[in-house]
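Participant: Got target09.txt for you, compact mmCIF, C-alpha atoms and all ligand atoms:
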```txt
# COMPACT_ATOMS: atom_id res chain seq x y z
CA GLU A 40 -135.56 -45.68 46.27
CA THR A 41 -134.13 -47.23 43.09
CA ILE A 42 -135.72 -46.42 39.80
CA SER A 43 -135.62 -49.32 37.38
CA ALA A 44 -134.10 -48.68 33.96
CA ARG A 45 -137.17 -50.12 32.31
CA PRO A 46 -137.87 -47.95 29.24
CA ARG A 47 -141.33 -46.46 29.08
CA ILE A 48 -143.66 -46.93 26.14
CA HIS A 49 -144.09 -43.81 24.06
CA VAL A 50 -145.49 -42.91 20.67
CA LEU A 51 -142.75 -42.46 18.07
CA ASP A 52 -141.94 -39.02 16.80
CA PRO A 53 -143.74 -38.70 13.40
CA ARG A 54 -140.50 -38.12 11.50
CA LEU A 55 -138.99 -41.31 12.90
CA ALA A 56 -142.22 -43.22 12.19
CA ASN A 57 -142.06 -42.03 8.58
CA GLN A 58 -138.42 -43.00 8.26
CA ILE A 59 -139.23 -46.47 9.51
CA ALA A 60 -142.11 -46.75 7.03
CA ALA A 61 -139.75 -45.48 4.30
CA GLY A 62 -137.71 -48.62 4.86
CA GLU A 63 -140.55 -50.59 3.30
CA VAL A 64 -141.23 -48.57 0.16
CA VAL A 65 -138.12 -46.47 -0.47
CA GLU A 66 -135.28 -48.81 -1.21
CA ARG A 67 -133.47 -46.79 -3.88
CA PRO A 68 -134.06 -44.05 -6.50
CA ALA A 69 -136.08 -46.48 -8.63
CA SER A 70 -138.66 -46.96 -5.87
CA VAL A 71 -139.08 -43.19 -5.54
CA THR A 72 -139.49 -42.94 -9.31
CA LYS A 73 -142.17 -45.63 -9.24
CA GLU A 74 -144.17 -43.91 -6.49
CA LEU A 75 -144.00 -40.47 -8.12
CA ILE A 76 -145.01 -41.84 -11.52
CA GLU A 77 -147.92 -43.74 -9.96
CA ASN A 78 -149.17 -40.48 -8.45
CA ALA A 79 -148.88 -38.77 -11.84
CA ILE A 80 -150.88 -41.57 -13.49
CA ASP A 81 -153.52 -41.48 -10.75
CA ALA A 82 -153.85 -37.72 -11.38
CA GLY A 83 -155.07 -38.43 -14.91
CA SER A 84 -152.00 -37.04 -16.66
CA GLN A 85 -151.55 -37.10 -20.44
CA ARG A 86 -147.84 -36.29 -20.32
CA ILE A 87 -145.26 -37.40 -17.74
CA GLU A 88 -141.65 -36.23 -17.74
CA VAL A 89 -138.99 -37.85 -15.58
CA ASP A 90 -135.64 -36.14 -15.02
CA ILE A 91 -132.86 -37.96 -13.25
CA GLU A 92 -129.45 -36.72 -12.14
CA ALA A 93 -126.59 -38.89 -10.92
CA GLY A 94 -128.62 -42.09 -11.12
CA GLY A 95 -131.29 -40.46 -8.96
CA ALA A 96 -129.05 -39.96 -5.93
CA ARG A 97 -128.88 -36.22 -6.69
CA LEU A 98 -132.29 -35.65 -8.28
CA ILE A 99 -135.48 -37.48 -9.20
CA LYS A 100 -138.03 -35.15 -10.72
CA VAL A 101 -141.44 -36.09 -12.07
CA ARG A 102 -143.56 -33.48 -13.80
CA ASP A 103 -147.13 -34.10 -14.91
CA ASP A 104 -150.12 -32.30 -16.41
CA GLY A 105 -152.71 -34.01 -14.22
CA VAL A 106 -155.44 -32.58 -11.99
CA GLY A 107 -153.01 -30.95 -9.57
CA ILE A 108 -153.45 -30.45 -5.84
CA GLY A 109 -155.54 -27.58 -4.51
CA GLU A 110 -153.96 -25.06 -2.13
CA GLU A 111 -156.13 -26.25 0.74
CA ASP A 112 -155.03 -29.90 0.23
CA LEU A 113 -151.32 -29.24 -0.12
CA PRO A 114 -150.42 -29.39 3.58
CA LEU A 115 -151.95 -32.87 3.71
CA ALA A 116 -150.22 -34.27 0.61
CA LEU A 117 -147.02 -34.96 2.56
CA ALA A 118 -148.78 -36.21 5.70
CA ARG A 119 -148.80 -39.88 6.56
CA HIS A 120 -152.03 -41.82 5.94
CA ALA A 121 -153.43 -38.90 3.96
CA THR A 122 -154.91 -39.78 0.58
CA SER A 123 -157.56 -38.54 -1.81
CA LYS A 124 -158.02 -41.99 -3.32
CA ILE A 125 -160.10 -44.00 -0.86
CA ASP A 126 -162.50 -43.21 1.94
CA SER A 127 -163.74 -46.53 3.20
CA LEU A 128 -163.15 -50.26 3.30
CA GLU A 129 -165.59 -50.65 0.39
CA ASP A 130 -163.44 -48.26 -1.65
CA LEU A 131 -160.34 -50.29 -0.81
CA GLU A 132 -161.98 -53.49 -2.00
CA GLY A 133 -162.79 -52.04 -5.40
CA VAL A 134 -159.74 -49.77 -5.66
CA ASP A 135 -158.70 -48.91 -9.21
CA SER A 136 -156.04 -46.28 -8.47
CA LEU A 137 -152.38 -47.27 -8.21
CA GLY A 138 -152.02 -45.57 -4.83
CA PHE A 139 -154.26 -45.62 -1.77
CA ARG A 140 -152.04 -45.99 1.30
CA GLY A 141 -151.22 -42.31 1.62
CA GLU A 142 -147.68 -43.13 2.64
CA ALA A 143 -145.36 -42.54 -0.30
CA LEU A 144 -144.85 -38.78 -0.08
CA ALA A 145 -144.62 -38.88 3.72
CA SER A 146 -142.00 -41.63 3.55
CA ILE A 147 -139.98 -40.11 0.72
CA SER A 148 -139.98 -36.64 2.29
CA SER A 149 -138.65 -38.06 5.56
CA VAL A 150 -135.48 -39.32 3.84
CA SER A 151 -134.81 -36.62 1.22
CA ARG A 152 -135.21 -32.96 0.39
CA LEU A 153 -138.57 -32.89 -1.31
CA GLU A 154 -140.12 -29.98 -3.16
CA LEU A 155 -143.65 -30.17 -4.54
CA VAL A 156 -145.18 -27.53 -6.78
CA SER A 157 -148.73 -27.93 -7.97
CA ASN A 158 -151.57 -26.09 -9.62
CA ALA A 159 -155.12 -27.39 -9.80
CA LEU A 160 -156.35 -24.47 -11.91
CA ASP A 161 -156.12 -23.80 -15.62
CA ASP A 162 -154.45 -20.44 -15.08
CA PRO A 163 -150.63 -20.96 -15.15
CA ARG A 164 -150.08 -17.82 -13.07
CA HIS A 165 -151.30 -19.82 -10.07
CA GLY A 166 -149.62 -22.62 -8.17
CA TRP A 167 -148.21 -23.45 -4.75
CA ARG A 168 -145.02 -24.89 -3.38
CA VAL A 169 -144.29 -26.94 -0.28
CA VAL A 170 -140.85 -28.04 0.83
CA ALA A 171 -139.75 -30.80 3.18
CA GLU A 172 -136.17 -31.27 4.27
CA GLY A 173 -136.26 -34.70 5.79
CA ARG A 174 -138.33 -33.67 8.77
CA GLY A 175 -141.90 -33.62 7.63
CA MET A 176 -143.48 -30.69 5.93
CA GLU A 177 -142.78 -27.07 6.50
CA ALA A 178 -146.05 -25.47 7.51
CA ARG A 179 -145.45 -22.79 4.91
CA VAL A 180 -147.14 -23.04 1.53
CA THR A 181 -145.80 -20.35 -0.78
CA PRO A 182 -147.10 -19.21 -4.18
CA ALA A 183 -145.20 -20.57 -7.17
CA PRO A 184 -146.56 -20.38 -10.71
CA HIS A 185 -146.90 -23.74 -12.47
CA PRO A 186 -149.00 -24.92 -15.39
CA ARG A 187 -151.90 -27.13 -14.39
CA GLY A 188 -150.39 -30.29 -12.91
CA THR A 189 -147.69 -31.21 -10.44
CA SER A 190 -143.89 -31.33 -10.23
CA VAL A 191 -142.20 -33.25 -7.47
CA ALA A 192 -138.44 -32.97 -7.07
CA VAL A 193 -136.66 -35.34 -4.70
CA ARG A 194 -133.06 -34.32 -3.98
CA ASP A 195 -130.27 -36.01 -2.04
CA LEU A 196 -132.11 -39.22 -1.24
CA PHE A 197 -131.06 -40.68 2.15
CA PHE A 198 -128.97 -37.57 2.98
CA ASN A 199 -130.11 -37.89 6.60
CA THR A 200 -129.94 -41.69 6.83
CA PRO A 201 -126.27 -42.40 6.05
CA ALA A 202 -126.62 -46.12 6.71
CA ARG A 203 -129.07 -46.35 3.81
CA ARG A 204 -127.21 -43.93 1.53
CA LYS A 205 -124.24 -46.31 1.79
CA PHE A 206 -126.30 -49.01 0.07
CA LEU A 207 -126.74 -47.00 -3.12
CA ARG A 208 -124.81 -48.55 -5.99
CA THR A 209 -123.02 -46.81 -8.84
CA GLU A 210 -124.79 -44.13 -10.82
CA LYS A 211 -125.04 -46.52 -13.75
CA THR A 212 -126.64 -49.31 -11.71
CA GLU A 213 -129.10 -47.01 -9.97
CA PHE A 214 -130.11 -45.48 -13.29
CA ALA A 215 -130.62 -48.94 -14.78
CA HIS A 216 -133.14 -49.63 -11.99
CA VAL A 217 -134.82 -46.27 -12.56
CA GLU A 218 -135.07 -47.00 -16.28
CA GLU A 219 -136.64 -50.38 -15.52
CA ALA A 220 -139.24 -48.72 -13.27
CA PHE A 221 -139.94 -46.22 -16.06
CA ARG A 222 -140.20 -49.00 -18.65
CA ARG A 223 -142.83 -50.85 -16.61
CA GLN A 224 -144.95 -47.74 -16.21
CA ALA A 225 -144.59 -46.72 -19.86
CA LEU A 226 -145.74 -50.22 -20.85
CA SER A 227 -148.81 -49.81 -18.68
CA ARG A 228 -150.24 -46.70 -20.38
CA TYR A 229 -149.92 -46.21 -24.13
CA ASP A 230 -152.24 -43.21 -24.03
CA ILE A 231 -149.70 -41.18 -22.03
CA ALA A 232 -146.69 -39.37 -23.56
CA TRP A 233 -143.50 -40.13 -21.66
CA THR A 234 -139.99 -38.71 -21.43
CA LEU A 235 -137.05 -39.99 -19.41
CA SER A 236 -133.83 -37.98 -19.17
CA HIS A 237 -130.60 -38.72 -17.36
CA ASN A 238 -128.09 -35.94 -16.67
CA GLN A 239 -129.95 -33.67 -19.15
CA LYS A 240 -129.83 -36.26 -21.95
CA VAL A 241 -133.08 -37.71 -23.28
CA VAL A 242 -133.03 -41.51 -22.90
CA HIS A 243 -136.62 -42.29 -23.90
CA GLN A 244 -139.15 -40.14 -25.66
CA LEU A 245 -142.41 -41.97 -26.22
CA PRO A 246 -145.31 -40.39 -28.09
CA PRO A 247 -148.81 -41.47 -27.09
CA GLY A 248 -150.85 -43.80 -29.28
CA LEU A 249 -153.25 -46.65 -28.73
CA SER A 250 -153.15 -48.18 -32.22
CA PRO A 251 -151.42 -51.56 -32.59
CA SER A 252 -148.61 -50.03 -34.65
CA ALA A 253 -148.03 -47.22 -32.11
CA SER A 254 -147.98 -49.76 -29.27
CA GLU A 255 -145.51 -51.94 -31.12
CA ARG A 256 -143.27 -48.96 -31.83
CA ARG A 257 -143.23 -48.22 -28.12
CA ILE A 258 -142.40 -51.81 -27.22
CA ALA A 259 -139.64 -51.89 -29.82
CA SER A 260 -138.09 -48.73 -28.42
CA LEU A 261 -138.33 -49.93 -24.80
CA LEU A 262 -137.49 -53.63 -25.27
CA GLY A 263 -135.76 -53.78 -28.64
CA LYS A 264 -136.86 -54.62 -32.18
CA ASN A 265 -135.99 -58.25 -31.62
CA PHE A 266 -138.71 -58.56 -29.03
CA ILE A 267 -141.52 -57.43 -31.25
CA GLU A 268 -140.26 -59.28 -34.33
CA HIS A 269 -140.45 -62.57 -32.44
CA ALA A 270 -143.70 -61.95 -30.59
CA ARG A 271 -147.30 -62.70 -31.36
CA TYR A 272 -150.24 -60.55 -30.34
CA ILE A 273 -152.81 -62.33 -28.20
CA GLU A 274 -156.29 -61.32 -27.10
CA ARG A 275 -158.68 -63.57 -25.22
CA GLU A 276 -161.66 -63.16 -22.95
CA ALA A 277 -163.54 -65.66 -20.79
CA GLY A 278 -165.42 -65.75 -17.50
CA GLY A 279 -164.82 -62.09 -16.65
CA LEU A 280 -161.10 -62.35 -17.39
CA ARG A 281 -159.44 -60.57 -20.28
CA LEU A 282 -155.89 -61.22 -21.45
CA SER A 283 -154.10 -59.26 -24.14
CA GLY A 284 -150.53 -58.47 -25.09
CA TRP A 285 -147.47 -59.87 -26.78
CA VAL A 286 -146.21 -63.38 -26.29
CA GLY A 287 -142.62 -64.12 -27.26
CA LEU A 288 -142.23 -67.01 -29.66
CA PRO A 289 -139.81 -69.81 -28.84
CA THR A 290 -137.50 -68.40 -31.54
CA HIS A 291 -136.65 -65.59 -29.13
CA SER A 292 -135.86 -66.60 -25.58
CA ARG A 293 -133.38 -65.26 -23.05
CA SER A 294 -130.93 -66.61 -20.54
CA GLN A 295 -132.58 -64.50 -17.81
CA ALA A 296 -136.19 -63.79 -16.97
CA ASP A 297 -135.58 -60.08 -17.58
CA GLN A 298 -138.17 -59.29 -20.24
CA GLN A 299 -141.30 -60.56 -18.59
CA TYR A 300 -143.97 -58.01 -17.91
CA PHE A 301 -147.30 -58.97 -16.44
CA PHE A 302 -149.89 -56.34 -15.58
CA VAL A 303 -153.01 -56.89 -13.51
CA ASN A 304 -155.49 -54.07 -13.99
CA GLY A 305 -152.66 -51.81 -15.12
CA ARG A 306 -150.38 -52.63 -12.21
CA VAL A 307 -147.16 -54.54 -12.88
CA VAL A 308 -146.95 -57.59 -10.63
CA ARG A 309 -144.69 -60.50 -9.84
CA ASP A 310 -146.89 -63.41 -8.98
CA ARG A 311 -145.97 -67.05 -8.41
CA LEU A 312 -149.22 -68.36 -9.76
CA VAL A 313 -148.80 -66.34 -12.95
CA ALA A 314 -145.17 -67.42 -13.28
CA HIS A 315 -146.21 -71.04 -12.89
CA ALA A 316 -148.93 -70.83 -15.56
CA VAL A 317 -146.47 -69.24 -18.00
CA ARG A 318 -143.78 -71.81 -17.26
CA GLN A 319 -146.22 -74.63 -17.88
CA ALA A 320 -147.38 -73.14 -21.18
CA TYR A 321 -143.80 -72.86 -22.48
CA ARG A 322 -142.68 -76.12 -20.95
CA ASP A 323 -142.23 -78.15 -24.09
CA VAL A 324 -141.37 -75.34 -26.50
CA LEU A 325 -138.34 -73.90 -24.69
CA TYR A 326 -135.03 -75.48 -23.78
CA ASN A 327 -134.24 -75.90 -20.13
CA GLY A 328 -132.75 -72.77 -18.63
CA ARG A 329 -134.20 -70.50 -21.31
CA HIS A 330 -136.77 -67.86 -20.36
CA PRO A 331 -139.64 -66.61 -22.49
CA VAL A 332 -140.30 -62.91 -23.11
CA PHE A 333 -143.76 -61.38 -22.83
CA VAL A 334 -145.76 -58.25 -22.15
CA LEU A 335 -149.20 -59.30 -20.96
CA TYR A 336 -152.20 -57.47 -19.60
CA LEU A 337 -154.81 -59.18 -17.46
CA THR A 338 -157.95 -57.25 -16.62
CA LEU A 339 -160.59 -58.44 -14.22
CA ASP A 340 -163.09 -57.04 -11.77
CA PRO A 341 -161.04 -55.21 -9.08
CA GLU A 342 -163.28 -56.82 -6.46
CA VAL A 343 -161.85 -60.28 -7.15
CA VAL A 344 -158.20 -59.30 -6.70
CA ASP A 345 -156.59 -57.99 -3.52
CA VAL A 346 -153.79 -55.49 -4.19
CA ASN A 347 -153.24 -54.61 -0.53
CA VAL A 348 -150.86 -57.48 0.15
CA HIS A 349 -147.57 -55.61 0.37
CA PRO A 350 -146.61 -51.90 0.73
CA THR A 351 -144.94 -51.84 -2.71
CA LYS A 352 -148.04 -53.52 -4.21
CA HIS A 353 -145.89 -55.78 -6.40
CA GLU A 354 -147.92 -58.72 -5.19
CA VAL A 355 -151.59 -59.46 -5.62
CA ARG A 356 -153.94 -62.12 -4.36
CA PHE A 357 -156.63 -63.50 -6.65
CA ARG A 358 -159.87 -64.63 -5.12
CA ASP A 359 -160.01 -67.52 -7.56
CA GLY A 360 -156.39 -68.32 -8.25
CA ARG A 361 -157.13 -71.63 -9.91
CA MET A 362 -159.35 -70.02 -12.51
CA VAL A 363 -156.78 -67.30 -13.30
CA HIS A 364 -154.03 -69.91 -13.57
CA ASP A 365 -156.01 -72.14 -15.94
CA PHE A 366 -157.12 -69.22 -18.08
CA LEU A 367 -153.54 -68.01 -18.49
CA TYR A 368 -152.19 -71.46 -19.15
CA SER A 369 -154.78 -72.34 -21.77
CA SER A 370 -154.52 -68.94 -23.50
CA LEU A 371 -150.74 -69.13 -23.81
CA HIS A 372 -150.67 -72.80 -24.65
CA HIS A 373 -153.16 -72.21 -27.45
CA CYS A 374 -151.21 -69.22 -28.73
CA LEU A 375 -148.00 -71.26 -28.85
CA ALA A 376 -149.57 -74.41 -30.25
CA ASP A 377 -148.69 -73.81 -33.90
CA ALA A 378 -145.55 -71.92 -32.96
CA ARG A 379 -143.67 -74.95 -31.85
CA PRO A 380 -140.50 -74.67 -33.90
CA SER A 381 -138.65 -77.59 -35.36
CA ALA A 382 -135.34 -78.12 -33.62
CA GLU A 383 -133.37 -76.48 -36.46
CA GLU A 384 -135.46 -73.32 -36.42
CA ALA A 385 -135.02 -72.47 -32.77
CA HIS A 386 -131.94 -70.36 -32.31
CA VAL A 387 -130.43 -69.55 -29.02
CA GLU A 388 -128.87 -66.14 -28.52
P1 LIG A 401 -151.42 -42.18 -2.21
O1 LIG A 401 -150.94 -42.14 -3.63
O2 LIG A 401 -151.39 -43.56 -1.64
O3 LIG A 401 -152.73 -41.50 -2.00
P2 LIG A 401 -149.15 -40.44 -1.71
O4 LIG A 401 -148.38 -40.16 -0.48
O5 LIG A 401 -148.41 -41.01 -2.86
O6 LIG A 401 -150.36 -41.39 -1.29
O7 LIG A 401 -149.88 -39.10 -2.17
C1 LIG A 401 -150.72 -38.43 -1.24
C2 LIG A 401 -151.79 -37.62 -1.96
O8 LIG A 401 -151.17 -36.50 -2.62
C3 LIG A 401 -152.53 -38.36 -3.05
O9 LIG A 401 -153.63 -39.08 -2.55
C4 LIG A 401 -152.96 -37.21 -3.98
O10 LIG A 401 -154.15 -36.64 -3.52
C5 LIG A 401 -151.85 -36.19 -3.83
N1 LIG A 401 -150.87 -36.28 -4.94
C6 LIG A 401 -149.63 -36.80 -4.89
N2 LIG A 401 -149.00 -36.68 -6.08
C7 LIG A 401 -149.88 -36.08 -6.91
C8 LIG A 401 -149.84 -35.68 -8.29
N3 LIG A 401 -148.75 -35.90 -9.05
N4 LIG A 401 -150.95 -35.07 -8.80
C9 LIG A 401 -152.04 -34.84 -8.04
N5 LIG A 401 -152.13 -35.20 -6.74
C10 LIG A 401 -151.07 -35.81 -6.17
MG MG A 402 -149.00 -42.58 -4.25
```
Take the structure from the file and write it as structure tokens.
Facilitator:
Amino acid sequence: ETISARPRIHVLDPRLANQIAAGEVVERPASVTKELIENAIDAGSQRIEVDIEAGGARLIKVRDDGVGIGEEDLPLALARHATSKIDSLEDLEGVDSLGFRGEALASISSVSRLELVSNALDDPRHGWRVVAEGRGMEARVTPAPHPRGTSVAVRDLFFNTPARRKFLRTEKTEFAHVEEAFRRQALSRYDIAWTLSHNQKVVHQLPPGLSPSASERRIASLLGKNFIEHARYIEREAGGLRLSGWVGLPTHSRSQADQQYFFVNGRVVRDRLVAHAVRQAYRDVLYNGRHPVFVLYLTLDPEVVDVNVHPTKHEVRFRDGRMVHDFLYSSLHHCLADARPSAEEAHVE
């Protein structure tokens, strides 16, 4: 009797399932950096330190002073679909944490050598370590002293997926992406102290501070003095929407849209509707082909915005897109109204 070669359906091995999922969220060192920083923010940290080696291909390490992970929870931290952030569909609809999918650590640990050390107690003699070497977590949790908080070290990203490792660019390019991920996060939380180092050299050291002058110092050090000198502070509230931040004046535009930061409830997003509203507002104050600069924060009830649109959560969906669009357009248009420069004043760099 002949047996057909028809392959049978089977459930994927968990490691392979994680590696496939990693394809969605772990593109390069910068995406790992983003996920680890988001976890540190969600843990309520006051200080976050990021250490990078070789553009992140050798090491991405994020250390925080947040709530830590208890010994009993540690084995689950690296498991897929395991999260402390939501419990139910209602939670998801009103989610205010940056994470909630419970996938990042599982994905990252399936394509790297990951070491996590954490302590949820105030006594620095305590702490626990788990290690994963690209095959899911080792069952063993061993004691390792650590101050309250968590350190996650990701080494040799894609060491076991050579096809993906090949796509890593030069150290300089990968670090530029990591720095951009860091910049976005540091612009989202002025109350947190941040450090970024590359190959043992400090690249950014940002003290905390919520005052306008402290915020502007941070922006100047992340985006350049030019940015803040040609920007105007805006603050507006209407119909449950609140917009604040810095709007670049037409005297300072760029040839690329590379200094445009838009945060929705603390999460940096790229949204077509937002981009359109901004473009409209600048339409008759900027030359064709020039791009405005801005750092803007929109806050609204989490229930009226869906953040579960894409695994990287760079996209959002507003329940009332029209209203958000019109609010943004009118706020920016108003802010720029008396800033329309005469033709001689506008300089192009
Ligand atoms: P998610 O962030 O979507 O919950 P992750 O895979 O990123 O999923 O993290 C899994 C869980 O591990 C989190 O829900 C959290 O409980 C814990 N965790 C991860 N990183 C940290 C951290 N830096 N501090 C405290 N807990 C953490
Ligand atoms: Mg997370």
Participant: Hey, which of A:Arg204, A:His330, A:Arg318, A:Arg271 ends up closest to Arg293 of chain A? Count only C-alpha atoms.
Facilitator: A:His330
Participant: Which residues are near Lys205 of chain A? Cut-off 12 Å, only C-alpha atoms, ignore same chain within fewer than 6 positions. Put them as a PyMOL selection string.
Facilitator: chain A and resi 66-67+96+196-199
Participant: Please provide the set of residues having any atom within 9 Å of segment 253-259 of chain A, restricted to only C-alpha atoms, with same-chain residues fewer than 4 positions apart removed, written as a list of chain:residue names.
Facilitator: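 Residues near the query, excluding close chain neighbours: A:Ala225, A:Leu226, A:Tyr229, A:Leu245, A:Pro246, A:Pro247, A:Gly248, A:Leu249, A:Gly263, A:Lys264, A:Asn265, A:Phe266, A:Ile267, A:Glu268, A:Val334.
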Participant: Output C-alpha atoms for every residue in that selection, as an mmCIF file, in the frame of the given file.
Facilitator:
```cif
data_model
loop_
_atom_site.group_PDB
_atom_site.id
_atom_site.type_symbol
_atom_site.label_atom_id
_atom_site.label_comp_id
_atom_site.auth_asym_id
_atom_site.auth_seq_id
_atom_site.Cartn_x
_atom_site.Cartn_y
_atom_site.Cartn_z
ATOM 1 C CA ALA A 225 -144.590 -46.720 -19.860
ATOM 2 C CA LEU A 226 -145.740 -50.220 -20.850
ATOM 3 C CA TYR A 229 -149.920 -46.210 -24.130
ATOM 4 C CA LEU A 245 -142.410 -41.970 -26.220
ATOM 5 C CA PRO A 246 -145.310 -40.390 -28.090
ATOM 6 C CA PRO A 247 -148.810 -41.470 -27.090
ATOM 7 C CA GLY A 248 -150.850 -43.800 -29.280
ATOM 8 C CA LEU A 249 -153.250 -46.650 -28.730
ATOM 9 C CA GLY A 263 -135.760 -53.780 -28.640
ATOM 10 C CA LYS A 264 -136.860 -54.620 -32.180
ATOM 11 C CA ASN A 265 -135.990 -58.250 -31.620
ATOM 12 C CA PHE A 266 -138.710 -58.560 -29.030
ATOM 13 C CA ILE A 267 -141.520 -57.430 -31.250
ATOM 14 C CA GLU A 268 -140.260 -59.280 -34.330
ATOM 15 C CA VAL A 334 -145.760 -58.250 -22.150
#
```
Participant: As a PyMOL selection string, please: every protein or nucleic acid residue near ligand LIG 401 (chain A) (cut-off 7 Å, counting all atoms listed in the file).
Facilitator: chain A and resi 74-75+78-79+82+103+105-108+116-117+121-124+138-145+188-190
Participant: Write out as a PyMOL selection string which residues come within 9 Å of Leu280 of chain A when counting all atoms listed in the file, dropping same-chain ones fewer than 6 positions away.
Facilitator: chain A and resi 337-340+363+366
